[in-house]
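Novice: Just one file: query05.txt, with compact mmCIF, C-alpha atoms and all ligand atoms.
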```
# COMPACT_ATOMS: atom_id res chain seq x y z
CA MET A 200 -100.71 53.56 186.37
CA THR A 201 -102.01 56.93 187.46
CA ASP A 202 -98.73 57.49 189.28
CA HIS A 203 -96.74 57.08 186.09
CA THR A 204 -99.04 59.36 184.12
CA THR A 205 -98.89 62.04 186.78
CA LEU A 206 -95.13 61.72 187.09
CA GLN A 207 -94.71 61.97 183.33
CA ALA A 208 -97.01 65.02 183.08
CA ASP A 209 -95.29 66.70 185.99
CA LEU A 210 -91.78 66.07 184.63
CA THR A 211 -92.71 67.08 181.07
CA ALA A 212 -94.16 70.35 182.32
CA ARG A 213 -91.06 71.12 184.38
CA ILE A 214 -88.77 70.21 181.49
CA ALA A 215 -90.69 72.56 179.20
CA ALA A 216 -90.40 75.29 181.82
CA ALA A 217 -86.66 74.80 182.51
CA ALA A 218 -85.16 78.24 182.02
CA ASP A 219 -81.58 77.23 181.30
CA LEU A 220 -79.28 74.25 180.82
CA ALA A 221 -78.42 74.07 184.54
CA ALA A 222 -82.08 73.83 185.56
CA LEU A 223 -82.66 71.19 182.92
CA GLU A 224 -79.69 69.16 184.15
CA ALA A 225 -81.09 69.27 187.70
CA ILE A 226 -84.37 67.77 186.46
CA ARG A 227 -82.49 65.10 184.49
CA VAL A 228 -80.58 64.04 187.60
CA GLU A 229 -83.78 64.05 189.66
CA ALA A 230 -85.59 61.80 187.16
CA LEU A 231 -82.97 59.70 185.39
CA GLY A 232 -79.92 59.96 187.68
CA LYS A 233 -78.71 56.90 189.57
CA THR A 234 -81.22 57.41 192.38
CA GLY A 235 -83.72 59.40 190.32
CA TRP A 236 -87.47 58.75 190.24
CA ILE A 237 -87.50 56.69 187.10
CA SER A 238 -84.31 54.80 187.96
CA GLU A 239 -85.90 53.80 191.28
CA LEU A 240 -89.05 52.66 189.43
CA LEU A 241 -86.94 50.55 187.10
CA LYS A 242 -85.35 48.87 190.11
CA THR A 243 -88.81 47.79 191.38
CA LEU A 244 -89.26 45.62 188.27
CA GLY A 245 -86.92 43.03 189.77
CA ARG A 246 -89.31 42.44 192.65
CA LEU A 247 -92.39 41.80 190.46
CA THR A 248 -93.67 38.46 189.23
CA PRO A 249 -93.02 37.74 185.54
CA ASP A 250 -96.67 38.50 184.71
CA GLU A 251 -96.62 41.86 186.49
CA ARG A 252 -93.28 42.67 184.88
CA ARG A 253 -94.77 42.05 181.44
CA VAL A 254 -97.35 44.75 182.16
CA GLU A 255 -95.26 47.23 184.17
CA GLY A 256 -91.97 46.88 182.23
CA PRO A 257 -93.08 48.55 178.99
CA LYS A 258 -94.83 51.33 180.93
CA ILE A 259 -91.80 52.28 182.97
CA ASN A 260 -89.48 51.98 179.97
CA GLY A 261 -91.92 54.09 177.96
CA LEU A 262 -91.95 56.68 180.74
CA ARG A 263 -88.14 56.76 180.77
CA ASP A 264 -87.92 57.13 176.98
CA ALA A 265 -90.54 59.89 176.92
CA VAL A 266 -88.80 61.87 179.66
CA ALA A 267 -85.35 61.39 178.06
CA ALA A 268 -86.72 62.56 174.70
CA ALA A 269 -88.35 65.62 176.29
CA ILE A 270 -85.04 66.50 177.97
CA ALA A 271 -83.11 66.12 174.70
CA ASP A 272 -85.61 68.35 172.86
CA ARG A 273 -85.50 71.03 175.53
CA LYS A 274 -81.71 70.87 175.62
CA ALA A 275 -81.48 71.45 171.87
CA ALA A 276 -83.95 74.34 172.11
CA LEU A 277 -82.04 75.97 174.99
CA GLU A 278 -78.72 75.61 173.19
CA THR A 279 -80.10 77.20 170.04
CA ALA A 280 -81.58 80.04 172.06
CA GLU A 281 -78.29 80.59 173.86
CA LEU A 282 -76.34 80.71 170.59
CA ASP A 283 -78.90 83.08 169.05
CA SER A 284 -78.64 85.45 171.99
CA ARG A 285 -74.81 85.38 171.87
CA LEU A 286 -74.87 86.07 168.14
CA ALA A 287 -77.21 88.98 168.74
CA LYS A 288 -75.04 90.40 171.57
CA GLU A 289 -71.51 89.82 170.25
CA THR A 290 -70.09 91.77 167.37
CA VAL A 291 -66.71 91.59 165.67
CA ASP A 292 -64.80 94.85 165.72
CA LEU A 293 -63.10 94.83 162.35
CA SER A 294 -61.24 98.04 163.16
CA LEU A 295 -59.16 96.40 165.95
CA PRO A 296 -55.49 95.85 165.04
CA PRO A 297 -54.54 92.14 165.05
CA PRO A 298 -52.56 90.86 168.05
CA PRO A 299 -48.82 90.66 167.41
CA GLU A 300 -47.88 87.42 165.68
CA ARG A 301 -45.01 85.31 167.06
CA ARG A 302 -42.63 84.61 164.24
CA GLY A 303 -39.92 81.96 164.26
CA ARG A 304 -36.32 83.00 163.66
CA VAL A 305 -33.65 81.36 161.57
CA HIS A 306 -30.91 79.98 163.84
CA PRO A 307 -27.59 81.79 163.32
CA THR A 308 -25.82 78.52 162.50
CA MET A 309 -28.27 77.79 159.68
CA GLN A 310 -27.99 81.38 158.45
CA VAL A 311 -24.18 81.16 158.44
CA MET A 312 -24.28 77.79 156.69
CA ASP A 313 -26.52 79.21 153.98
CA GLU A 314 -24.21 82.19 153.56
CA MET A 315 -21.14 79.92 153.34
CA ILE A 316 -22.83 77.57 150.88
CA ALA A 317 -23.88 80.52 148.70
CA VAL A 318 -20.31 81.84 148.52
CA PHE A 319 -18.82 78.42 147.71
CA ALA A 320 -21.60 77.62 145.25
CA GLU A 321 -20.71 80.77 143.36
CA MET A 322 -17.11 79.57 143.25
CA GLY A 323 -18.26 76.35 141.57
CA PHE A 324 -18.43 73.92 144.50
CA ALA A 325 -21.15 71.26 144.54
CA LEU A 326 -22.91 70.21 147.73
CA ALA A 327 -22.31 66.75 149.22
CA GLU A 328 -23.47 65.10 152.42
CA GLY A 329 -22.69 62.06 154.52
CA PRO A 330 -24.16 60.25 157.54
CA ASP A 331 -23.73 61.49 161.12
CA ILE A 332 -23.20 57.89 162.28
CA GLU A 333 -19.96 56.78 160.71
CA ASP A 334 -17.63 53.81 160.91
CA ASP A 335 -14.02 53.80 161.99
CA PHE A 336 -12.91 53.28 158.39
CA HIS A 337 -14.39 56.49 156.98
CA ASN A 338 -13.80 58.65 160.07
CA PHE A 339 -10.23 57.53 160.78
CA THR A 340 -8.56 54.65 158.91
CA ALA A 341 -9.10 55.79 155.32
CA LEU A 342 -8.11 59.30 156.42
CA ASN A 343 -4.66 57.96 157.29
CA PHE A 344 -5.06 57.86 161.06
CA PRO A 345 -2.73 54.94 161.93
CA PRO A 346 -4.39 52.18 164.03
CA LYS A 347 -4.11 52.83 167.78
CA HIS A 348 -2.51 56.19 167.01
CA PRO A 349 -3.07 58.87 169.71
CA ALA A 350 -4.58 61.12 167.03
CA ARG A 351 -7.72 59.01 167.32
CA GLU A 352 -8.03 59.94 170.98
CA MET A 353 -7.41 63.58 170.07
CA HIS A 354 -10.98 63.72 168.81
CA ASP A 355 -12.77 62.60 172.04
CA THR A 356 -14.97 60.33 170.03
CA PHE A 357 -18.51 59.31 171.00
CA TRP A 358 -18.50 55.56 170.33
CA LEU A 359 -21.74 53.65 169.87
CA PRO A 360 -22.31 50.21 171.42
CA GLU A 361 -21.22 47.21 169.37
CA ASP A 362 -23.72 46.27 166.66
CA GLU A 363 -24.74 42.73 165.69
CA THR A 364 -21.63 42.34 163.50
CA GLY A 365 -19.35 43.27 166.44
CA GLN A 366 -18.55 46.65 164.87
CA ARG A 367 -18.52 49.84 166.94
CA LYS A 368 -19.86 52.78 164.98
CA LEU A 369 -19.26 56.36 166.10
CA LEU A 370 -20.70 59.84 165.79
CA ARG A 371 -18.47 61.45 163.19
CA THR A 372 -15.88 63.72 164.78
CA HIS A 373 -15.49 65.81 161.63
CA THR A 374 -16.97 66.11 158.13
CA SER A 375 -13.75 64.72 156.61
CA PRO A 376 -15.20 61.16 156.22
CA VAL A 377 -17.30 62.60 153.39
CA GLN A 378 -14.01 63.22 151.53
CA ILE A 379 -13.59 59.44 151.52
CA ARG A 380 -17.19 58.82 150.45
CA ALA A 381 -16.76 61.30 147.59
CA LEU A 382 -13.37 59.90 146.55
CA GLN A 383 -14.58 56.33 146.49
CA GLN A 384 -16.33 57.14 143.24
CA GLY A 385 -19.81 56.26 144.16
CA GLN A 386 -19.44 52.84 145.72
CA ASN A 387 -21.37 54.05 148.77
CA HIS A 388 -24.18 55.52 146.73
CA LYS A 389 -26.42 52.63 147.56
CA LEU A 390 -27.26 54.69 150.64
CA PRO A 391 -29.79 57.16 149.28
CA GLY A 392 -29.13 60.81 149.92
CA TRP A 393 -25.41 60.72 150.62
CA ILE A 394 -23.14 62.53 148.17
CA ALA A 395 -24.69 64.82 145.63
CA SER A 396 -23.66 62.88 142.58
CA SER A 397 -21.24 60.22 141.48
CA GLN A 398 -17.83 61.85 141.96
CA THR A 399 -14.87 61.12 139.78
CA PRO A 400 -12.07 63.68 139.59
CA PRO A 401 -12.09 66.54 139.02
CA ILE A 402 -13.98 66.93 142.31
CA ARG A 403 -15.02 70.20 143.87
CA ILE A 404 -17.38 69.74 146.80
CA ILE A 405 -18.36 71.34 150.05
CA VAL A 406 -19.92 69.30 152.83
CA PRO A 407 -22.00 71.01 155.50
CA GLY A 408 -23.00 68.93 158.49
CA ARG A 409 -23.17 68.15 162.18
CA THR A 410 -20.12 66.78 163.98
CA TYR A 411 -19.62 65.49 167.52
CA ARG A 412 -16.88 65.44 170.16
CA SER A 413 -17.08 64.91 173.88
CA ASP A 414 -16.07 68.44 174.80
CA SER A 415 -17.83 71.41 176.40
CA ASP A 416 -16.67 74.94 177.24
CA ALA A 417 -17.23 78.49 175.94
CA THR A 418 -15.80 77.60 172.52
CA HIS A 419 -16.67 73.86 172.35
CA THR A 420 -20.00 72.02 172.36
CA PRO A 421 -20.50 68.23 172.08
CA MET A 422 -22.37 68.81 168.80
CA PHE A 423 -21.19 71.45 166.41
CA HIS A 424 -21.20 72.15 162.68
CA GLN A 425 -18.49 72.01 160.07
CA ILE A 426 -18.20 72.75 156.39
CA GLU A 427 -15.64 70.61 154.66
CA GLY A 428 -14.19 71.49 151.30
CA LEU A 429 -12.45 69.14 148.89
CA VAL A 430 -10.88 69.87 145.53
CA ILE A 431 -9.18 67.12 143.52
CA ASP A 432 -7.78 67.77 140.07
CA ARG A 433 -4.53 67.70 138.15
CA ASN A 434 -1.76 70.16 139.12
CA ILE A 435 -3.49 71.55 142.19
CA HIS A 436 -1.16 73.27 144.66
CA MET A 437 -1.27 75.30 147.86
CA GLY A 438 -1.67 78.54 145.93
CA HIS A 439 -5.13 77.35 144.86
CA LEU A 440 -5.94 76.59 148.48
CA LYS A 441 -4.83 80.02 149.64
CA TRP A 442 -6.76 81.80 146.89
CA THR A 443 -9.90 79.81 147.63
CA LEU A 444 -9.82 80.52 151.37
CA ASP A 445 -8.85 84.19 150.94
CA THR A 446 -11.63 84.73 148.43
CA PHE A 447 -14.13 82.96 150.64
CA ILE A 448 -13.15 84.98 153.72
CA SER A 449 -13.38 88.31 151.96
CA ARG A 450 -16.81 87.49 150.50
CA PHE A 451 -18.15 85.97 153.69
CA PHE A 452 -17.04 88.87 155.88
CA GLU A 453 -17.93 91.36 153.15
CA THR A 454 -14.58 93.09 153.32
CA SER A 455 -11.88 93.45 150.69
CA VAL A 456 -9.15 93.93 153.29
CA VAL A 457 -8.32 90.43 154.50
CA GLU A 458 -4.93 89.40 155.64
CA THR A 459 -4.41 85.70 156.28
CA ARG A 460 -1.51 83.46 157.17
CA PHE A 461 -0.88 79.74 157.10
CA ARG A 462 0.48 78.33 160.34
CA PRO A 463 2.02 74.83 160.12
CA HIS A 464 -0.14 72.19 161.78
CA HIS A 465 -0.70 68.46 161.70
CA PHE A 466 -3.63 66.50 160.34
CA PRO A 467 -3.08 62.85 159.37
CA PHE A 468 -5.03 63.29 156.13
CA THR A 469 -3.24 66.35 154.75
CA GLU A 470 0.45 66.98 153.97
CA PRO A 471 1.47 69.70 154.37
CA SER A 472 -1.17 70.71 156.88
CA ALA A 473 -1.93 74.19 158.11
CA GLU A 474 -4.30 76.26 160.11
CA MET A 475 -5.27 79.51 158.54
CA ASP A 476 -5.43 82.58 160.73
CA VAL A 477 -7.13 85.80 159.82
CA LYS A 478 -5.95 89.21 160.94
CA CYS A 479 -8.44 90.93 163.17
CA ASP A 480 -8.96 93.36 165.99
CA ARG A 481 -9.81 91.77 169.33
CA SER A 482 -9.31 94.86 171.45
CA GLY A 483 -13.02 95.75 171.68
CA GLY A 484 -15.89 93.61 172.90
CA ASP A 485 -16.17 91.69 169.67
CA VAL A 486 -13.76 90.67 166.95
CA LYS A 487 -13.43 92.84 163.85
CA ILE A 488 -12.13 91.27 160.67
CA GLY A 489 -10.04 93.37 158.28
CA GLN A 490 -8.46 95.56 160.95
CA GLY A 491 -6.19 95.35 163.99
CA ASN A 492 -3.09 93.30 164.76
CA ASP A 493 -4.35 90.04 166.23
CA TRP A 494 -4.54 86.67 164.51
CA MET A 495 -7.46 84.32 164.88
CA GLU A 496 -7.57 80.67 163.75
CA ILE A 497 -10.54 80.01 161.51
CA VAL A 498 -9.93 76.93 159.37
CA GLY A 499 -7.90 73.72 159.28
CA CYS A 500 -6.59 72.77 155.85
CA GLY A 501 -3.87 71.21 153.74
CA MET A 502 -2.98 69.25 150.64
CA VAL A 503 -4.74 65.86 150.54
CA HIS A 504 -2.29 63.21 151.77
CA PRO A 505 -1.19 60.75 149.04
CA ASN A 506 -2.20 57.86 151.34
CA VAL A 507 -5.79 59.15 151.37
CA LEU A 508 -5.87 59.18 147.57
CA THR A 509 -4.35 55.68 147.43
CA ASN A 510 -6.84 54.41 150.05
CA CYS A 511 -9.59 55.55 147.71
CA GLY A 512 -8.12 54.01 144.57
CA LEU A 513 -6.68 57.20 143.05
CA ASP A 514 -3.11 57.55 141.78
CA PRO A 515 -1.43 60.39 143.74
CA ASP A 516 0.97 60.97 140.85
CA GLU A 517 -1.99 61.81 138.66
CA TRP A 518 -4.32 63.58 141.09
CA GLN A 519 -3.69 66.16 143.77
CA GLY A 520 -5.93 68.36 145.78
CA PHE A 521 -6.62 70.30 148.90
CA ALA A 522 -9.13 70.07 151.70
CA PHE A 523 -10.30 72.38 154.42
CA GLY A 524 -12.66 72.25 157.37
CA PHE A 525 -14.40 75.26 158.88
CA GLY A 526 -16.15 75.37 162.23
CA VAL A 527 -19.45 76.93 161.17
CA ASP A 528 -20.70 77.93 164.63
CA ARG A 529 -17.41 79.60 165.46
CA LEU A 530 -17.44 81.53 162.22
CA GLY A 531 -20.95 82.68 163.12
CA MET A 532 -19.77 83.80 166.57
CA LEU A 533 -17.08 85.81 164.85
CA LYS A 534 -19.31 87.42 162.23
CA TYR A 535 -22.30 88.14 164.43
CA GLY A 536 -20.61 88.70 167.81
CA MET A 537 -22.00 85.85 169.89
CA PRO A 538 -19.88 85.39 173.01
CA ASP A 539 -20.53 81.78 174.09
CA LEU A 540 -20.88 78.80 171.78
CA ARG A 541 -22.96 76.84 174.31
CA ASP A 542 -25.81 79.39 174.09
CA MET A 543 -26.26 78.43 170.45
CA PHE A 544 -27.70 75.05 171.37
CA ALA A 545 -29.36 75.84 174.71
CA GLY A 546 -32.73 76.32 173.00
CA ASP A 547 -33.57 79.63 174.73
CA VAL A 548 -36.06 81.50 172.52
CA ARG A 549 -34.97 84.86 173.98
CA TRP A 550 -31.47 84.20 172.69
CA LEU A 551 -32.89 83.18 169.31
CA ASP A 552 -35.08 86.30 169.15
CA HIS A 553 -31.96 88.37 169.73
CA PHE A 554 -29.41 86.61 167.52
CA GLY A 555 -31.72 84.86 165.04
CA PHE A 556 -32.52 86.02 161.53
CA SER A 557 -35.75 86.77 159.77
CA ALA A 558 -36.75 84.07 157.34
CA PHE A 559 -38.19 86.76 155.08
CA GLN A 560 -35.19 89.04 154.88
CA ALA A 561 -34.61 90.65 151.49
CA PRO A 562 -31.36 89.61 149.82
CA ASN A 563 -28.39 91.91 150.37
CA PRO A 564 -27.93 93.68 147.00
CA ALA A 565 -24.12 93.64 147.41
CA THR A 566 -23.77 89.90 147.87
CA GLY A 567 -27.07 88.48 146.70
CA LEU A 568 -27.28 86.75 150.10
CA SER A 569 -30.12 87.28 152.49
N1 LIG A 601 -11.15 67.61 159.92
C1 LIG A 601 -10.30 68.62 160.52
C2 LIG A 601 -10.85 68.93 161.92
O1 LIG A 601 -11.98 68.63 162.20
C3 LIG A 601 -10.27 69.88 159.71
C4 LIG A 601 -9.63 69.69 158.38
C5 LIG A 601 -10.39 69.40 157.28
C6 LIG A 601 -8.26 69.79 158.26
C7 LIG A 601 -9.80 69.21 156.05
C8 LIG A 601 -7.64 69.61 157.04
C9 LIG A 601 -8.42 69.33 155.95
O2 LIG A 601 -10.16 69.46 162.76
```
What is this structure when it is put down as structure tokens?
Specialist:
Amino acid sequence: MTDHTTLQADLTARIAAAADLAALEAIRVEALGKTGWISELLKTLGRLTPDERRVEGPKINGLRDAVAAAIADRKAALETAELDSRLAKETVDLSLPPPPERRGRVHPTMQVMDEMIAVFAEMGFALAEGPDIEDDFHNFTALNFPPKHPAREMHDTFWLPEDETGQRKLLRTHTSPVQIRALQQGQNHKLPGWIASSQTPPIRIIVPGRTYRSDSDATHTPMFHQIEGLVIDRNIHMGHLKWTLDTFISRFFETSVVETRFRPHHFPFTEPSAEMDVKCDRSGGDVKIGQGNDWMEIVGCGMVHPNVLTNCGLDPDEWQGFAFGFGVDRLGMLKYGMPDLRDMFAGDVRWLDHFGFSAFQAPNPATGLS
């Protein structure tokens, strides 16, 4: 009995005198730790008779509670004192300049896409989108790729495993499947988000998006970006296509001197098909548009093949049109002088700091683009 009272008085006095949190913690361990005074006392209860335990139990438990409460009180007091002294010592120097803030940059591909979309939007094109995971029908068959035709292999397609219906989907190899989705007059619109609006001719859309081919070198990456264009109306001919691309190129490169040429090419979904080259100067480190004597391929295009129109339920004698597909990343390399396409998707922030764009750039007064 006396022991407990003395112990309690002794501990309470030491707790009250503890100068800091570390000293207080030492006392707590000494008293209430696993092998502390009070813990040892509690263990002795097991050896007592039930009658003794009835007397001793409450005393020891009372001792423990009193000591724990004293420690908690002292701890709160010490913490308050510590905070008060820090508040008294520390001051905020409002005259210090703020540390530099890390700002994100807009990726060149996204910048170029926005610029391209702005130019086409001004020319009256609406925006449409389609899924990255496509089926064979939209990516190939409806676009007039004959079954088992080598042209299918030409695209180095990423095929997905068979689904539960036995169908093998794929990562779209180009944005051209969205031509089909747009031409099918809205029957795929059950999928929310695809295609801007129900499209019946006349159609004038551009389709920005990601595309995929199993390919990797300085000018090819397995994922890249395209912008597809599709115009369907009555009496559309190649002159419209040439004007549209020429006008786009001069606005996009902000130069009135653009010389372009059509070079015959083959795409299953256009007839005739062409690649358009732009005259440029490649003699220096980077390519300059509007000068020089070199030609550089920048877009695949052509008149929409009658079979594509028929596949989508349109009468080719009534409707004609043209389509084109730009490689967005490549156009960005050309405009902003980036040497290797693979760097664009390597995720190196130093590269992005260098080639990226400010999200808060003021619009260019000449073009209205930022
Ligand atoms: N889809 C073609 C490609 O990826 C480009 C293209 C689009 C060609 C539209 C003609 C018309 O290479």
Novice: At a cut-off of 9 Å and counting all atoms listed in the file, what residues surround ligand LIG 601 (chain A)? Please answer as a PyMOL selection string.
Specialist: chain A and resi 354+372-376+378+410+425-429+465-469+472-474+498-503+521-526
Novice: Counting all atoms listed in the file, which residue out of A:Arg213, A:Glu321, A:Arg367, A:Met312 sits closest to Glu333 in chain A?
Specialist: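 Among the listed residues, A:Arg367 lies closest to Glu333 in chain A.
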Novice: So that I can check the surroundings of range 544-550 of chain A, please list as a list of chain:residue names every protein, DNA and RNA residue that reaches within 12 Å of it, counting all atoms listed in the file and ignoring chain neighbours fewer than 5 positions away.
Specialist: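 My reading of the contact set: A:Arg301, A:Arg302, A:Gly303, A:Arg304, A:Val305, A:His306, A:Pro307, A:Thr308, A:Ser415, A:Ala417, A:His419, A:Thr420, A:Pro421, A:Met422, A:Phe423, A:His424, A:Asp528, A:Met537, A:Pro538, A:Asp539, A:Gly555, A:Phe556.
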Novice: Can you tell me how far CA of Thr243 in chain A sits from CA of Ile259 in chain A, in Å to one decimal?
Specialist: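 According to the coordinates, CA of Thr243 in chain A and CA of Ile259 in chain A are separated by 10.0 Å.
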Novice: Leaving out Val377 in chain A and any residue of its chain fewer than 4 positions from it, which residues lie within 10 Å of it when counting only C-alpha atoms, given as a PDB file with C-alpha atoms, keeping the file's coordinate frame?
Specialist:
```
ATOM      1  CA  ALA A 327     -22.310  66.750 149.220  1.00  0.00           C
ATOM      2  CA  GLU A 328     -23.470  65.100 152.420  1.00  0.00           C
ATOM      3  CA  GLY A 329     -22.690  62.060 154.520  1.00  0.00           C
ATOM      4  CA  PRO A 330     -24.160  60.250 157.540  1.00  0.00           C
ATOM      5  CA  GLU A 333     -19.960  56.780 160.710  1.00  0.00           C
ATOM      6  CA  HIS A 337     -14.390  56.490 156.980  1.00  0.00           C
ATOM      7  CA  ASN A 338     -13.800  58.650 160.070  1.00  0.00           C
ATOM      8  CA  ARG A 371     -18.470  61.450 163.190  1.00  0.00           C
ATOM      9  CA  HIS A 373     -15.490  65.810 161.630  1.00  0.00           C
ATOM     10  CA  ALA A 381     -16.760  61.300 147.590  1.00  0.00           C
ATOM     11  CA  LEU A 382     -13.370  59.900 146.550  1.00  0.00           C
ATOM     12  CA  GLN A 383     -14.580  56.330 146.490  1.00  0.00           C
ATOM     13  CA  TRP A 393     -25.410  60.720 150.620  1.00  0.00           C
ATOM     14  CA  ILE A 394     -23.140  62.530 148.170  1.00  0.00           C
ATOM     15  CA  ILE A 404     -17.380  69.740 146.800  1.00  0.00           C
ATOM     16  CA  ILE A 405     -18.360  71.340 150.050  1.00  0.00           C
ATOM     17  CA  VAL A 406     -19.920  69.300 152.830  1.00  0.00           C
ATOM     18  CA  PRO A 407     -22.000  71.010 155.500  1.00  0.00           C
ATOM     19  CA  GLY A 408     -23.000  68.930 158.490  1.00  0.00           C
ATOM     20  CA  GLU A 427     -15.640  70.610 154.660  1.00  0.00           C
ATOM     21  CA  GLY A 428     -14.190  71.490 151.300  1.00  0.00           C
ATOM     22  CA  LEU A 429     -12.450  69.140 148.890  1.00  0.00           C
TER      23      LEU A 429
END
```
Novice: Please rebuild range 307-314 of chain A with all heavy atoms and return the result as a PDB file, in the coordinates of the input.
Specialist:
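Writing the result to out.pdb gives the following:
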```pdb
ATOM      1  N   PRO A 307     -28.798  81.236 163.924  1.00  0.00           N
ATOM      2  CA  PRO A 307     -27.590  81.790 163.320  1.00  0.00           C
ATOM      3  C   PRO A 307     -26.717  80.750 162.596  1.00  0.00           C
ATOM      4  O   PRO A 307     -26.142  81.034 161.550  1.00  0.00           O
ATOM      5  CB  PRO A 307     -26.826  82.384 164.501  1.00  0.00           C
ATOM      6  CG  PRO A 307     -27.858  82.670 165.517  1.00  0.00           C
ATOM      7  CD  PRO A 307     -28.956  81.671 165.317  1.00  0.00           C
ATOM      8  N   THR A 308     -26.641  79.539 163.165  1.00  0.00           N
ATOM      9  CA  THR A 308     -25.820  78.520 162.500  1.00  0.00           C
ATOM     10  C   THR A 308     -26.364  78.216 161.098  1.00  0.00           C
ATOM     11  O   THR A 308     -25.597  78.073 160.144  1.00  0.00           O
ATOM     12  CB  THR A 308     -25.780  77.233 163.338  1.00  0.00           C
ATOM     13  OG1 THR A 308     -25.061  77.510 164.532  1.00  0.00           O
ATOM     14  CG2 THR A 308     -25.088  76.105 162.603  1.00  0.00           C
ATOM     15  N   MET A 309     -27.682  78.108 160.988  1.00  0.00           N
ATOM     16  CA  MET A 309     -28.270  77.790 159.680  1.00  0.00           C
ATOM     17  C   MET A 309     -28.093  78.964 158.722  1.00  0.00           C
ATOM     18  O   MET A 309     -27.846  78.781 157.539  1.00  0.00           O
ATOM     19  CB  MET A 309     -29.766  77.468 159.848  1.00  0.00           C
ATOM     20  CG  MET A 309     -30.009  76.187 160.613  1.00  0.00           C
ATOM     21  SD  MET A 309     -29.214  74.779 159.796  1.00  0.00           S
ATOM     22  CE  MET A 309     -28.223  74.127 161.116  1.00  0.00           C
ATOM     23  N   GLN A 310     -28.205  80.180 159.263  1.00  0.00           N
ATOM     24  CA  GLN A 310     -27.990  81.380 158.450  1.00  0.00           C
ATOM     25  C   GLN A 310     -26.551  81.394 157.914  1.00  0.00           C
ATOM     26  O   GLN A 310     -26.316  81.592 156.730  1.00  0.00           O
ATOM     27  CB  GLN A 310     -28.250  82.619 159.318  1.00  0.00           C
ATOM     28  CG  GLN A 310     -27.838  83.936 158.687  1.00  0.00           C
ATOM     29  CD  GLN A 310     -28.841  84.453 157.677  1.00  0.00           C
ATOM     30  OE1 GLN A 310     -29.970  83.974 157.640  1.00  0.00           O
ATOM     31  NE2 GLN A 310     -28.428  85.397 156.861  1.00  0.00           N
ATOM     32  N   VAL A 311     -25.587  81.131 158.833  1.00  0.00           N
ATOM     33  CA  VAL A 311     -24.180  81.160 158.440  1.00  0.00           C
ATOM     34  C   VAL A 311     -23.890  80.064 157.428  1.00  0.00           C
ATOM     35  O   VAL A 311     -23.181  80.270 156.443  1.00  0.00           O
ATOM     36  CB  VAL A 311     -23.277  81.054 159.698  1.00  0.00           C
ATOM     37  CG1 VAL A 311     -21.835  80.809 159.323  1.00  0.00           C
ATOM     38  CG2 VAL A 311     -23.400  82.311 160.541  1.00  0.00           C
ATOM     39  N   MET A 312     -24.480  78.880 157.652  1.00  0.00           N
ATOM     40  CA  MET A 312     -24.280  77.790 156.690  1.00  0.00           C
ATOM     41  C   MET A 312     -24.775  78.193 155.306  1.00  0.00           C
ATOM     42  O   MET A 312     -24.104  77.958 154.306  1.00  0.00           O
ATOM     43  CB  MET A 312     -25.035  76.556 157.151  1.00  0.00           C
ATOM     44  CG  MET A 312     -24.114  75.549 157.756  1.00  0.00           C
ATOM     45  SD  MET A 312     -24.983  74.007 157.947  1.00  0.00           S
ATOM     46  CE  MET A 312     -23.725  73.099 158.804  1.00  0.00           C
ATOM     47  N   ASP A 313     -25.974  78.783 155.270  1.00  0.00           N
ATOM     48  CA  ASP A 313     -26.520  79.210 153.980  1.00  0.00           C
ATOM     49  C   ASP A 313     -25.613  80.243 153.314  1.00  0.00           C
ATOM     50  O   ASP A 313     -25.381  80.191 152.111  1.00  0.00           O
ATOM     51  CB  ASP A 313     -27.923  79.830 154.163  1.00  0.00           C
ATOM     52  CG  ASP A 313     -28.974  78.755 154.395  1.00  0.00           C
ATOM     53  OD1 ASP A 313     -28.641  77.566 154.234  1.00  0.00           O
ATOM     54  OD2 ASP A 313     -30.112  79.107 154.747  1.00  0.00           O
ATOM     55  N   GLU A 314     -25.100  81.164 154.118  1.00  0.00           N
ATOM     56  CA  GLU A 314     -24.210  82.190 153.560  1.00  0.00           C
ATOM     57  C   GLU A 314     -22.946  81.538 153.000  1.00  0.00           C
ATOM     58  O   GLU A 314     -22.493  81.868 151.912  1.00  0.00           O
ATOM     59  CB  GLU A 314     -23.816  83.211 154.636  1.00  0.00           C
ATOM     60  CG  GLU A 314     -24.968  84.089 155.109  1.00  0.00           C
ATOM     61  CD  GLU A 314     -24.570  85.026 156.250  1.00  0.00           C
ATOM     62  OE1 GLU A 314     -23.359  85.155 156.543  1.00  0.00           O
ATOM     63  OE2 GLU A 314     -25.481  85.635 156.845  1.00  0.00           O
TER      64      GLU A 314
END
```
